[in-house]
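S.K.: My file is coords11.cif. It has mmCIF, C-alpha atoms:
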data_my_file
loop_
_atom_site.label_atom_id
_atom_site.label_comp_id
_atom_site.auth_asym_id
_atom_site.auth_seq_id
_atom_site.Cartn_x
_atom_site.Cartn_y
_atom_site.Cartn_z
CA MET Q 6 -43.25 -21.78 17.64
CA ALA Q 7 -42.78 -18.02 17.55
CA THR Q 8 -39.04 -18.55 18.12
CA ASN Q 9 -38.92 -20.93 15.14
CA VAL Q 10 -40.59 -18.37 12.89
CA ALA Q 11 -38.25 -15.63 14.12
CA GLY Q 12 -35.27 -17.97 13.72
CA ARG Q 13 -36.19 -18.71 10.11
CA ARG Q 14 -36.61 -15.02 9.41
CA TYR Q 15 -33.23 -14.19 10.97
CA ARG Q 16 -31.55 -17.00 9.05
CA THR Q 17 -32.96 -15.64 5.78
CA LEU Q 18 -31.74 -12.16 6.65
CA TYR Q 19 -28.36 -13.52 7.69
CA GLY Q 20 -28.05 -15.32 4.35
CA MET Q 21 -28.73 -12.01 2.61
CA LEU Q 22 -26.14 -10.28 4.78
CA LEU Q 23 -23.52 -12.85 3.84
CA ARG Q 24 -23.90 -11.84 0.20
CA LEU Q 25 -22.01 -8.66 1.09
CA TYR Q 26 -18.83 -10.68 1.65
CA PRO Q 27 -16.39 -10.80 -1.28
CA GLN Q 28 -17.19 -13.71 -3.61
CA PRO Q 29 -14.11 -15.88 -2.78
CA PHE Q 30 -14.76 -15.56 0.97
CA ARG Q 31 -18.45 -16.36 0.50
CA ASP Q 32 -17.65 -19.39 -1.63
CA ARG Q 33 -15.28 -20.69 1.01
CA PHE Q 34 -17.17 -19.94 4.23
CA GLY Q 35 -20.75 -19.00 3.28
CA GLU Q 36 -22.16 -22.45 3.94
CA GLY Q 37 -20.24 -22.87 7.20
CA MET Q 38 -21.30 -19.43 8.46
CA THR Q 39 -24.95 -20.10 7.65
CA GLN Q 40 -24.76 -23.43 9.45
CA THR Q 41 -23.04 -21.87 12.46
CA PHE Q 42 -25.66 -19.11 12.66
CA HIS Q 43 -28.36 -21.77 12.44
CA ASP Q 44 -26.70 -23.68 15.33
CA LEU Q 45 -26.45 -20.52 17.42
CA CYS Q 46 -30.12 -19.68 16.78
CA ARG Q 47 -31.11 -23.16 17.87
CA GLU Q 48 -28.96 -22.92 21.01
CA HIS Q 49 -30.67 -19.66 21.95
CA GLY Q 50 -34.12 -21.04 21.10
CA ASP Q 51 -33.55 -24.22 23.13
CA GLY Q 52 -32.37 -22.13 26.06
CA GLY Q 53 -35.66 -20.21 25.99
CA ARG Q 54 -33.82 -16.98 25.29
CA GLY Q 55 -35.10 -14.36 22.88
CA LEU Q 56 -33.37 -14.14 19.52
CA PHE Q 57 -33.54 -10.42 18.88
CA GLY Q 58 -30.56 -9.32 21.00
CA PHE Q 59 -28.44 -12.24 19.83
CA ALA Q 60 -29.36 -11.65 16.17
CA LEU Q 61 -28.64 -7.92 16.43
CA TRP Q 62 -25.21 -8.56 17.98
CA THR Q 63 -24.36 -11.24 15.41
CA PHE Q 64 -25.46 -9.07 12.50
CA CYS Q 65 -23.31 -6.16 13.75
CA GLU Q 66 -20.36 -8.44 14.38
CA THR Q 67 -20.69 -10.02 10.94
CA LEU Q 68 -21.07 -6.61 9.32
CA GLU Q 69 -17.75 -5.59 10.90
CA GLY Q 70 -16.20 -8.72 9.39
CA ILE Q 71 -17.72 -7.88 5.99
CA VAL Q 72 -16.18 -4.40 6.07
CA MET Q 73 -12.79 -5.85 7.06
CA GLU Q 74 -12.82 -8.51 4.35
CA ASN Q 75 -13.86 -6.04 1.66
CA ILE Q 76 -11.16 -3.57 2.70
CA MET Q 77 -8.52 -6.31 2.73
CA ARG Q 78 -9.44 -7.36 -0.79
CA MET Q 79 -9.55 -3.84 -2.17
CA ASP Q 80 -6.87 -2.87 -4.63
CA GLN Q 81 -4.70 0.18 -3.92
CA LEU Q 82 -7.04 2.54 -5.78
CA GLY Q 83 -10.01 1.31 -3.80
CA LYS Q 84 -8.17 1.86 -0.52
CA THR Q 85 -7.15 5.34 -1.62
CA MET Q 86 -10.76 6.15 -2.55
CA LEU Q 87 -11.99 4.90 0.81
CA ARG Q 88 -9.40 6.97 2.69
CA VAL Q 89 -10.22 10.09 0.68
CA ALA Q 90 -13.97 9.53 1.10
CA LEU Q 91 -13.54 9.28 4.88
CA GLY Q 92 -11.20 12.29 4.95
CA ALA Q 93 -13.66 14.32 2.86
CA LEU Q 94 -16.42 13.26 5.25
CA ALA Q 95 -14.39 14.53 8.22
CA VAL Q 96 -13.76 17.90 6.52
CA TRP Q 97 -17.38 18.05 5.36
CA MET Q 98 -18.51 17.82 8.99
CA VAL Q 99 -17.01 21.30 9.60
CA PRO Q 100 -19.50 23.26 7.43
CA LEU Q 101 -22.26 20.85 8.42
CA VAL Q 102 -21.76 21.55 12.14
CA ALA Q 103 -20.99 25.24 11.57
CA SER Q 104 -24.25 25.70 9.63
CA GLN Q 105 -26.13 24.78 12.81
CA PHE Q 106 -24.74 27.86 14.56
CA PHE Q 107 -25.32 30.47 11.82
CA GLU Q 108 -28.89 31.39 11.04
CA ASP Q 109 -28.14 32.79 7.57
CA TRP Q 110 -26.35 29.63 6.42
CA HIS Q 111 -28.84 27.98 4.08
CA TRP Q 112 -27.09 25.57 1.74
CA GLY Q 113 -29.80 22.96 1.56
CA VAL Q 114 -29.22 19.27 0.87
CA GLY Q 115 -28.01 19.88 -2.69
CA GLY Q 116 -25.45 22.43 -1.49
CA PHE Q 117 -24.02 20.04 1.06
CA VAL Q 118 -23.86 17.24 -1.52
CA ARG Q 119 -21.98 19.50 -3.95
CA VAL Q 120 -19.58 20.54 -1.22
CA TYR Q 121 -18.87 16.90 -0.35
CA VAL Q 122 -18.27 16.06 -4.01
CA LEU Q 123 -15.90 19.03 -4.23
CA PHE Q 124 -13.98 17.90 -1.13
CA PHE Q 125 -13.82 14.35 -2.42
CA LEU Q 126 -12.62 15.32 -5.90
CA THR Q 127 -10.00 17.67 -4.47
CA GLY Q 128 -8.78 14.90 -2.18
CA MET Q 129 -8.70 12.35 -5.00
CA VAL Q 130 -6.68 14.66 -7.25
CA MET Q 131 -4.25 15.26 -4.41
CA ALA Q 132 -4.00 11.55 -3.55
CA LEU Q 133 -3.60 10.36 -7.13
CA VAL Q 134 -1.05 13.00 -8.10
CA ALA Q 135 0.93 12.72 -4.89
CA ARG Q 136 0.92 8.89 -4.99
CA ARG Q 137 2.95 8.90 -8.15
CA MET Q 138 5.70 10.98 -6.61
CA GLY Q 139 8.02 9.99 -3.81
CA VAL Q 140 9.51 13.41 -3.05
CA TRP Q 141 7.96 15.05 0.04
CA SER Q 142 8.21 18.57 -1.37
CA TYR Q 143 6.18 17.54 -4.44
CA LYS Q 144 3.45 16.08 -2.25
CA ALA Q 145 3.46 19.16 -0.01
CA GLY Q 146 3.35 21.41 -3.09
CA VAL Q 147 0.34 19.56 -4.49
CA GLY Q 148 -1.44 19.72 -1.14
CA LEU Q 149 -0.78 23.42 -0.63
CA ALA Q 150 -1.73 24.34 -4.22
CA LEU Q 151 -4.99 22.41 -4.02
CA VAL Q 152 -5.94 23.82 -0.62
CA ALA Q 153 -5.12 27.38 -1.69
CA GLY Q 154 -6.88 26.96 -5.05
CA PHE Q 155 -9.90 25.43 -3.38
CA ALA Q 156 -10.08 28.21 -0.78
CA LEU Q 157 -9.71 30.90 -3.45
CA GLY Q 158 -12.42 29.40 -5.66
CA TRP Q 159 -14.67 28.94 -2.68
CA SER Q 160 -14.25 32.44 -1.22
CA THR Q 161 -14.78 33.97 -4.68
CA MET Q 162 -18.07 32.11 -5.08
CA VAL Q 163 -19.22 33.20 -1.63
CA GLN Q 164 -18.22 36.83 -2.26
CA VAL Q 165 -19.97 36.94 -5.63
CA ALA Q 166 -23.09 35.41 -4.11
CA ASP Q 167 -23.05 37.79 -1.11
CA SER Q 168 -21.97 41.07 -2.71
CA GLY Q 169 -23.38 40.68 -6.20
CA HIS Q 170 -20.12 41.81 -7.85
CA PRO Q 171 -19.76 39.51 -10.88
CA GLU Q 172 -16.43 41.15 -11.80
CA ARG Q 173 -14.91 39.27 -8.87
CA LEU Q 174 -15.26 36.14 -10.95
CA TRP Q 175 -11.97 37.35 -12.44
CA TYR Q 176 -10.34 35.62 -9.50
CA HIS Q 177 -11.26 32.35 -11.17
CA SER Q 178 -8.78 33.20 -13.91
CA VAL Q 179 -6.07 32.32 -11.34
CA LEU Q 180 -7.48 28.79 -11.25
CA VAL Q 181 -7.69 28.72 -15.04
CA VAL Q 182 -4.00 29.67 -15.22
CA GLY Q 183 -3.30 26.82 -12.79
CA ALA Q 184 -5.29 24.25 -14.76
CA ILE Q 185 -3.70 25.22 -18.09
CA GLY Q 186 -0.22 25.32 -16.54
CA ALA Q 187 -0.65 21.91 -14.91
CA CYS Q 188 -1.72 20.41 -18.25
CA LEU Q 189 1.15 22.01 -20.15
CA ALA Q 190 3.62 20.94 -17.47
CA ARG Q 191 2.16 17.41 -17.51
CA LEU Q 192 2.33 17.53 -13.72
CA LYS Q 193 6.13 17.64 -13.77
CA ALA Q 194 7.77 19.57 -10.94
CA PRO Q 195 9.69 22.26 -12.91
CA GLY Q 196 6.61 23.19 -14.96
CA LEU Q 197 4.37 23.17 -11.91
CA ALA Q 198 6.78 25.52 -10.12
CA TRP Q 199 6.41 28.08 -12.93
CA THR Q 200 2.62 27.49 -12.99
CA LEU Q 201 2.30 28.32 -9.30
CA PHE Q 202 4.48 31.43 -9.67
CA ALA Q 203 2.25 32.47 -12.59
CA MET Q 204 -0.85 31.95 -10.44
CA ALA Q 205 0.64 34.10 -7.67
CA ALA Q 206 1.49 36.83 -10.20
CA THR Q 207 -1.99 36.69 -11.77
CA LEU Q 208 -3.62 37.02 -8.38
CA ALA Q 209 -1.40 39.94 -7.42
CA LEU Q 210 -2.23 41.63 -10.73
CA ILE Q 211 -5.97 41.17 -10.24
CA ALA Q 212 -5.74 42.48 -6.68
CA VAL Q 213 -4.05 45.65 -7.94
CA MET Q 214 -6.18 46.17 -11.05
CA LEU Q 215 -9.63 45.26 -9.78
CA PRO Q 216 -11.33 48.03 -7.77
CA SER Q 217 -12.57 46.55 -4.55
CA GLY Q 218 -15.23 49.18 -3.90
CA ALA Q 219 -15.05 48.20 -0.26
CA PRO Q 220 -14.85 50.53 2.74
CA PRO Q 221 -11.28 51.11 4.06
CA TYR Q 222 -11.48 48.61 6.93
CA LEU Q 223 -12.67 45.88 4.54
CA ALA Q 224 -10.16 46.85 1.87
CA ARG Q 225 -7.38 46.28 4.41
CA ASN Q 226 -8.70 42.80 5.19
CA MET Q 227 -8.98 42.05 1.48
CA ALA Q 228 -5.38 43.15 0.94
CA ILE Q 229 -4.26 40.82 3.72
CA GLY Q 230 -6.31 38.00 2.15
CA HIS Q 231 -4.72 38.62 -1.24
CA GLY Q 232 -1.28 38.64 0.37
CA VAL Q 233 -1.95 35.31 2.08
CA PHE Q 234 -3.08 33.65 -1.16
CA VAL Q 235 -0.12 35.07 -3.12
CA ALA Q 236 2.19 33.75 -0.39
CA LEU Q 237 0.54 30.30 -0.45
CA PHE Q 238 0.89 29.97 -4.23
CA THR Q 239 4.48 31.22 -4.06
CA VAL Q 240 5.41 28.75 -1.30
CA SER Q 241 3.76 25.96 -3.29
CA GLY Q 242 5.83 27.00 -6.33
CA LEU Q 243 8.97 26.95 -4.20
CA LEU Q 244 8.13 23.45 -3.02
CA PHE Q 245 7.83 22.29 -6.63
CA ARG Q 246 11.13 24.06 -7.34
CA HIS Q 247 12.69 22.13 -4.46
CA ALA Q 248 11.23 18.90 -5.85
CA SER Q 249 12.65 19.60 -9.29
CA LEU Q 250 16.09 20.33 -7.81
CA ALA Q 251 15.81 17.10 -5.81
CA GLY Q 252 15.78 15.24 -9.10
CA LEU Q 253 12.07 14.93 -9.86
CA LYS Q 254 11.94 15.93 -13.49
CA MET M 28 0.29 -18.54 -2.36
CA ALA M 29 3.22 -17.54 -0.20
CA LYS M 30 2.65 -18.51 3.38
CA LYS M 31 3.62 -16.18 6.19
CA ASN M 32 6.05 -17.38 8.81
CA THR M 33 3.39 -17.24 11.53
CA ALA M 34 5.32 -19.65 13.75
CA GLN M 35 7.65 -16.74 14.54
CA ALA M 36 5.16 -13.92 14.95
CA PRO M 37 2.98 -13.38 18.05
CA LEU M 38 -0.59 -14.53 17.44
CA THR M 39 -3.75 -12.50 17.90
CA PRO M 40 -6.02 -13.65 20.76
CA ALA M 41 -8.62 -14.94 18.28
CA VAL M 42 -6.05 -17.01 16.37
CA LEU M 43 -4.58 -18.40 19.57
CA HIS M 44 -8.01 -19.46 20.84
CA ILE M 45 -8.92 -21.10 17.55
CA LEU M 46 -5.62 -23.01 17.45
CA LEU M 47 -6.19 -24.07 21.04
CA ALA M 48 -9.74 -25.20 20.27
CA LEU M 49 -8.52 -27.33 17.36
CA SER M 50 -5.54 -28.76 19.24
CA THR M 51 -7.52 -31.79 20.41
CA GLY M 52 -9.01 -32.60 17.01
CA GLY M 53 -11.09 -31.33 14.12
CA ARG M 54 -14.19 -29.22 14.84
CA HIS M 55 -16.87 -27.40 12.89
CA GLY M 56 -17.51 -23.64 13.26
CA TYR M 57 -20.07 -23.88 16.06
CA GLY M 58 -17.92 -26.48 17.83
CA ILE M 59 -14.91 -24.13 17.71
CA MET M 60 -17.00 -21.30 19.19
CA LYS M 61 -18.22 -23.48 22.03
CA GLN M 62 -14.70 -24.77 22.72
CA VAL M 63 -13.29 -21.22 22.76
CA GLU M 64 -16.02 -20.22 25.19
CA ALA M 65 -15.24 -23.22 27.41
CA ASP M 66 -11.44 -22.72 27.23
CA SER M 67 -11.79 -19.10 28.29
CA GLN M 68 -14.39 -19.85 30.99
CA GLY M 69 -16.91 -17.78 29.06
CA LYS M 70 -14.67 -14.72 28.88
CA VAL M 71 -14.14 -14.88 25.12
CA LYS M 72 -17.24 -14.90 22.92
CA MET M 73 -16.51 -15.09 19.25
CA GLY M 74 -19.13 -14.30 16.64
CA PRO M 75 -19.22 -15.84 13.15
CA GLY M 76 -17.65 -12.73 11.58
CA THR M 77 -14.55 -12.87 13.79
CA LEU M 78 -14.33 -16.67 13.71
CA TYR M 79 -14.51 -17.13 9.95
CA GLY M 80 -12.49 -13.98 9.22
CA SER M 81 -9.68 -15.30 11.42
CA MET M 82 -10.01 -18.78 9.96
CA GLY M 83 -9.71 -17.37 6.45
CA ARG M 84 -6.40 -15.72 7.33
CA MET M 85 -5.24 -18.86 9.17
CA MET M 86 -6.00 -21.01 6.13
CA GLU M 87 -4.05 -18.62 3.92
CA ALA M 88 -1.16 -18.82 6.39
CA GLY M 89 -1.38 -22.62 6.33
CA LEU M 90 -2.20 -22.95 10.05
CA ILE M 91 -5.47 -24.83 9.60
CA ARG M 92 -7.24 -26.65 6.80
CA GLU M 93 -10.67 -27.91 5.94
CA SER M 94 -10.77 -31.61 6.78
CA ASP M 95 -14.11 -33.01 5.68
CA LYS M 96 -17.86 -32.63 5.87
CA ARG M 97 -19.55 -34.97 8.28
CA VAL M 98 -22.32 -35.35 10.84
CA ASP M 99 -21.66 -34.33 14.45
CA PRO M 100 -23.10 -37.27 16.47
CA GLU M 101 -23.70 -34.99 19.47
CA MET M 102 -25.89 -32.57 17.52
CA ASP M 103 -28.15 -33.65 14.66
CA ASP M 104 -27.97 -35.40 11.31
CA GLU M 105 -26.83 -32.33 9.38
CA ARG M 106 -23.41 -32.52 7.75
CA ARG M 107 -20.98 -29.79 8.86
CA ILE M 108 -17.63 -28.65 7.52
CA TYR M 109 -14.80 -29.59 9.87
CA TYR M 110 -11.47 -27.80 10.28
CA GLU M 111 -8.23 -29.14 11.71
CA LEU M 112 -4.73 -27.99 12.59
CA THR M 113 -1.86 -28.40 10.14
CA GLY M 114 1.73 -29.08 11.19
CA ALA M 115 2.48 -25.37 10.85
CA GLY M 116 -0.53 -24.56 13.02
CA ARG M 117 0.63 -26.89 15.76
CA ALA M 118 4.14 -25.40 15.54
CA ALA M 119 2.70 -21.87 15.78
CA LEU M 120 0.68 -22.86 18.85
CA GLU M 121 3.71 -24.43 20.52
CA ALA M 122 5.85 -21.38 19.71
CA GLU M 123 3.20 -19.10 21.21
CA LEU M 124 3.00 -21.20 24.36
CA MET M 125 6.79 -21.04 24.64
CA ARG M 126 6.58 -17.28 24.36
CA TYR M 127 3.94 -17.18 27.09
CA ARG M 128 6.12 -19.38 29.32
CA GLY M 129 9.01 -16.98 28.79
CA VAL M 130 6.86 -13.99 29.71
CA VAL M 131 5.55 -15.77 32.81
CA ALA M 132 9.12 -16.71 33.86
CA VAL M 133 10.28 -13.09 33.52
CA ALA M 134 7.24 -11.79 35.39
CA GLU M 135 7.64 -14.31 38.22
CA GLY M 136 11.33 -13.47 38.51
CA ARG M 137 10.60 -9.76 38.73
CA LEU M 138 7.83 -10.21 41.28
CA ALA M 139 10.04 -12.51 43.38
CA HIS M 140 12.81 -9.89 43.43
CA GLY M 141 10.31 -7.16 44.15
CA HIS M 142 9.13 -8.76 47.41
#
Would you encode the structure as structure tokens?
M.R.:
Amino acid sequence: MATNVAGRRYRTLYGMLLRLYPQPFRDRFGEGMTQTFHDLCREHGDGGRGLFGFALWTFCETLEGIVMENIMRMDQLGKTMLRVALGALAVWMVPLVASQFFEDWHWGVGGFVRVYVLFFLTGMVMALVARRMGVWSYKAGVGLALVAGFALGWSTMVQVADSGHPERLWYHSVLVVGAIGACLARLKAPGLAWTLFAMAATLALIAVMLPSGAPPYLARNMAIGHGVFVALFTVSGLLFRHASLAGLK
Amino acid sequence: MAKKNTAQAPLTPAVLHILLALSTGGRHGYGIMKQVEADSQGKVKMGPGTLYGSMGRMMEAGLIRESDKRVDPEMDDERRIYYELTGAGRAALEAELMRYRGVVAVAEGRLAHGH
């Protein structure tokens, strides 16, 4: 009696689970799957075996099938979004795990959500822009520019928050130059090459003009940091230059 | 829909077992599961997700088709959807068995030379 009640409950839940299949698959196999699950429940009930373990296994197995069917029926954009979301999740795990080892790391739930959104959006921009272009140097240029831009924006925010020097927000003007340049260039390789060179020059100019106010040992580290970012933007510009010479106008 | 030339490509274990289960006649989903379990001496246990997912791809490839909806006299008076092999499905099964025979022949030859 108890098995019958449990069986009915599991069948109802299974029917609800099947709704997660794509509509065409559900229309074709929904009835058959429900019937098969019903038969399996009865087999287990008749054999005097408990239903919980069987139901749990079947639900997990069916859920795996649901994921597979939905992925297979996704269009290209959906697949790209899924890949980027998973990639962003993997990158997001780095600060999440690192925050467990640093006592003064207090982002809170909202902070982590914003970081994930930032990772995801950066990844989507990179995926969508790079997908349109077949030249490897263009894709590498986009990746490098986004990573460097993201790191610069991020480190500026952290420095402003930690040191209370709002003038360091000037570093964001590098990103503004990049955004305006990318729009003007309409994401074409020759224009993007000049945009990245302009970003490198802007950053170098800010590094020279803006007083760091830091002790000598920190100033040296800052100079190295500036040099690395200038180099990254320059290399990215060279990659776009290579892409434009390779025929990507 | 364009059908894949599955008669030429190696089959996945799930597809092979389903083809094998249907080789003696039409069966419903539960019947296929039980036959697969029997054919593999209980080594292969297929859940509904794997079974119907594989069957969906096999139907698209033209290996099996829905035959009819009828009562299974060995079970109860509920009508169940039956599936059966198509000509392409039978050809794919035979091609796979040929491939297995070839692999077995090579393996036996190697082992014989090895001893």
S.K.: Tell me, as a list of chain:residue names, which residues lie within 7 Å of Glu93 of chain M, counting only C-alpha atoms; anything in the same chain fewer than 4 positions away does not count.
M.R.: M:Tyr109, M:Tyr110, M:Glu111
S.K.: Suppose you want the space between atom CA of Arg54 of chain M and atom CA of Arg24 of chain Q; what is it in Å?
M.R.: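 Separation of atom CA of Arg54 of chain M and atom CA of Arg24 of chain Q: 24.7 Å.
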S.K.: Using only C-alpha atoms, I'd like a table of the residues in chain Q that come within 6 Å of chain M; for each, show the closest atom pair and its distance in Å rounded to one decimal, ordered by chain and ascending number, as JSON lines.
M.R.:
{"residue": "Q:Thr41", "atom": "CA", "partner": "M:Tyr57", "partner_atom": "CA", "distance": 5.1}
{"residue": "Q:Glu66", "atom": "CA", "partner": "M:Gly76", "partner_atom": "CA", "distance": 5.8}
{"residue": "Q:Thr67", "atom": "CA", "partner": "M:Gly76", "partner_atom": "CA", "distance": 4.1}
{"residue": "Q:Gly70", "atom": "CA", "partner": "M:Gly76", "partner_atom": "CA", "distance": 4.8}
S.K.: Please enumerate the residues selected by the PyMOL selection byres ((chain Q and resi 234) around 12) when evaluated against the supplied file, formatted as JSON, numbers by chain.
M.R.: {"Q": [149, 150, 151, 152, 153, 154, 155, 156, 157, 158, 160, 176, 179, 201, 202, 204, 205, 206, 207, 208, 209, 212, 227, 228, 229, 230, 231, 232, 233, 235, 236, 237, 238, 239, 240, 241]}
S.K.: Check what the PyMOL selection byres ((chain Q and resi 42) around 9) selects in the file above and give those residues as a PyMOL selection string.
M.R.: (chain Q and resi 16+19+37-41+43-47+63) or (chain M and resi 57+75)
S.K.: Restricted to C-alpha atoms, what would the selected residues look like written as an mmCIF file, in the coordinates of the input?
M.R.:
data_model
loop_
_atom_site.group_PDB
_atom_site.id
_atom_site.type_symbol
_atom_site.label_atom_id
_atom_site.label_comp_id
_atom_site.auth_asym_id
_atom_site.auth_seq_id
_atom_site.Cartn_x
_atom_site.Cartn_y
_atom_site.Cartn_z
ATOM 1 C CA ARG Q 16 -31.550 -17.000 9.050
ATOM 2 C CA TYR Q 19 -28.360 -13.520 7.690
ATOM 3 C CA GLY Q 37 -20.240 -22.870 7.200
ATOM 4 C CA MET Q 38 -21.300 -19.430 8.460
ATOM 5 C CA THR Q 39 -24.950 -20.100 7.650
ATOM 6 C CA GLN Q 40 -24.760 -23.430 9.450
ATOM 7 C CA THR Q 41 -23.040 -21.870 12.460
ATOM 8 C CA HIS Q 43 -28.360 -21.770 12.440
ATOM 9 C CA ASP Q 44 -26.700 -23.680 15.330
ATOM 10 C CA LEU Q 45 -26.450 -20.520 17.420
ATOM 11 C CA CYS Q 46 -30.120 -19.680 16.780
ATOM 12 C CA ARG Q 47 -31.110 -23.160 17.870
ATOM 13 C CA THR Q 63 -24.360 -11.240 15.410
ATOM 14 C CA TYR M 57 -20.070 -23.880 16.060
ATOM 15 C CA PRO M 75 -19.220 -15.840 13.150
#
S.K.: As an exercise, work out the distance from atom CA of Leu25 of chain Q to atom CA of Phe125 of chain Q in Å and give it to one decimal place.
M.R.: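 Distance between the two atoms: 24.7 Å.
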S.K.: Grab the atom CA of Ile45 of chain M to atom CA of Val63 of chain M distance for me, in Å with one decimal place.
M.R.: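 Value for the atom CA of Ile45 of chain M-atom CA of Val63 of chain M distance: 6.8 Å.
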S.K.: Could you tell me which residues the PyMOL selection byres ((chain Q and resi 191-195) around 8) grabs in this file, written as number ranges by chain?
M.R.: Q: 134, 143, 187-190, 196-199, 245-246, 248-249, 253-254
S.K.: Which residues are near Gly50 of chain Q? Cut-off 12 Å, only C-alpha atoms, ignore same chain within fewer than 2 positions. Put them as a compact mmCIF listing (two decimals) with C-alpha atoms, in the frame of the given file.
M.R.:
# COMPACT_ATOMS: atom_id res chain seq x y z
CA MET Q 6 -43.25 -21.78 17.64
CA ALA Q 7 -42.78 -18.02 17.55
CA THR Q 8 -39.04 -18.55 18.12
CA ASN Q 9 -38.92 -20.93 15.14
CA VAL Q 10 -40.59 -18.37 12.89
CA ALA Q 11 -38.25 -15.63 14.12
CA GLY Q 12 -35.27 -17.97 13.72
CA ARG Q 13 -36.19 -18.71 10.11
CA HIS Q 43 -28.36 -21.77 12.44
CA ASP Q 44 -26.70 -23.68 15.33
CA LEU Q 45 -26.45 -20.52 17.42
CA CYS Q 46 -30.12 -19.68 16.78
CA ARG Q 47 -31.11 -23.16 17.87
CA GLU Q 48 -28.96 -22.92 21.01
CA GLY Q 52 -32.37 -22.13 26.06
CA GLY Q 53 -35.66 -20.21 25.99
CA ARG Q 54 -33.82 -16.98 25.29
CA GLY Q 55 -35.10 -14.36 22.88
CA LEU Q 56 -33.37 -14.14 19.52
CA PHE Q 57 -33.54 -10.42 18.88
CA PHE Q 59 -28.44 -12.24 19.83
CA ALA Q 60 -29.36 -11.65 16.17
S.K.: List the residues sitting within 9 Å of (-16.4, 33.0, -9.3) in the file's frame, using only C-alpha atoms, as a ChimeraX atom specification.
M.R.: /Q:158-166,171-178
S.K.: Show which residues sit within 8 Å of Leu23 of chain Q, as a list in words. Count all atoms listed in the file, and ignore same-chain residues fewer than 4 positions away.
M.R.: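 Listing them by chain and then by number gives Tyr19, Arg31, Gly35 and Ile71 of chain Q.
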S.K.: Using all atoms listed in the file, determine which residues lie at most 12 Å from Leu87 of chain Q, disregarding the query and same-chain residues fewer than 3 positions distant; provide the list as a VMD selection string.
M.R.: chain Q and resid 72 75 to 77 79 to 84 90 to 94 125 128 to 129 132
S.K.: Kindly output segment 54-65 of chain M as a PDB file, in the coordinates of the input, after building N, CA and C atoms.
M.R.:
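Once written, result_18.pdb looks like this:
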ATOM      1  N   ARG M  54     -12.884 -29.718  14.378  1.00  0.00           N
ATOM      2  CA  ARG M  54     -14.190 -29.220  14.840  1.00  0.00           C
ATOM      3  C   ARG M  54     -14.838 -28.399  13.731  1.00  0.00           C
ATOM      4  N   HIS M  55     -16.166 -28.297  13.817  1.00  0.00           N
ATOM      5  CA  HIS M  55     -16.870 -27.400  12.890  1.00  0.00           C
ATOM      6  C   HIS M  55     -16.972 -26.017  13.532  1.00  0.00           C
ATOM      7  N   GLY M  56     -17.493 -25.024  12.792  1.00  0.00           N
ATOM      8  CA  GLY M  56     -17.510 -23.640  13.260  1.00  0.00           C
ATOM      9  C   GLY M  56     -18.155 -23.466  14.626  1.00  0.00           C
ATOM     10  N   TYR M  57     -19.363 -24.015  14.780  1.00  0.00           N
ATOM     11  CA  TYR M  57     -20.070 -23.880  16.060  1.00  0.00           C
ATOM     12  C   TYR M  57     -19.278 -24.570  17.166  1.00  0.00           C
ATOM     13  N   GLY M  58     -18.710 -25.742  16.846  1.00  0.00           N
ATOM     14  CA  GLY M  58     -17.920 -26.480  17.830  1.00  0.00           C
ATOM     15  C   GLY M  58     -16.701 -25.670  18.287  1.00  0.00           C
ATOM     16  N   ILE M  59     -16.071 -24.972  17.349  1.00  0.00           N
ATOM     17  CA  ILE M  59     -14.910 -24.130  17.710  1.00  0.00           C
ATOM     18  C   ILE M  59     -15.362 -23.020  18.666  1.00  0.00           C
ATOM     19  N   MET M  60     -16.486 -22.387  18.321  1.00  0.00           N
ATOM     20  CA  MET M  60     -17.000 -21.300  19.190  1.00  0.00           C
ATOM     21  C   MET M  60     -17.243 -21.785  20.606  1.00  0.00           C
ATOM     22  N   LYS M  61     -17.890 -22.926  20.707  1.00  0.00           N
ATOM     23  CA  LYS M  61     -18.220 -23.480  22.030  1.00  0.00           C
ATOM     24  C   LYS M  61     -16.946 -23.836  22.800  1.00  0.00           C
ATOM     25  N   GLN M  62     -15.957 -24.384  22.070  1.00  0.00           N
ATOM     26  CA  GLN M  62     -14.700 -24.770  22.720  1.00  0.00           C
ATOM     27  C   GLN M  62     -13.940 -23.536  23.209  1.00  0.00           C
ATOM     28  N   VAL M  63     -13.956 -22.477  22.374  1.00  0.00           N
ATOM     29  CA  VAL M  63     -13.290 -21.220  22.760  1.00  0.00           C
ATOM     30  C   VAL M  63     -13.954 -20.658  24.026  1.00  0.00           C
ATOM     31  N   GLU M  64     -15.269 -20.721  24.032  1.00  0.00           N
ATOM     32  CA  GLU M  64     -16.020 -20.220  25.190  1.00  0.00           C
ATOM     33  C   GLU M  64     -15.668 -21.031  26.445  1.00  0.00           C
ATOM     34  N   ALA M  65     -15.560 -22.349  26.266  1.00  0.00           N
ATOM     35  CA  ALA M  65     -15.240 -23.220  27.410  1.00  0.00           C
ATOM     36  C   ALA M  65     -13.791 -22.988  27.858  1.00  0.00           C
TER      37      ALA M  65
END
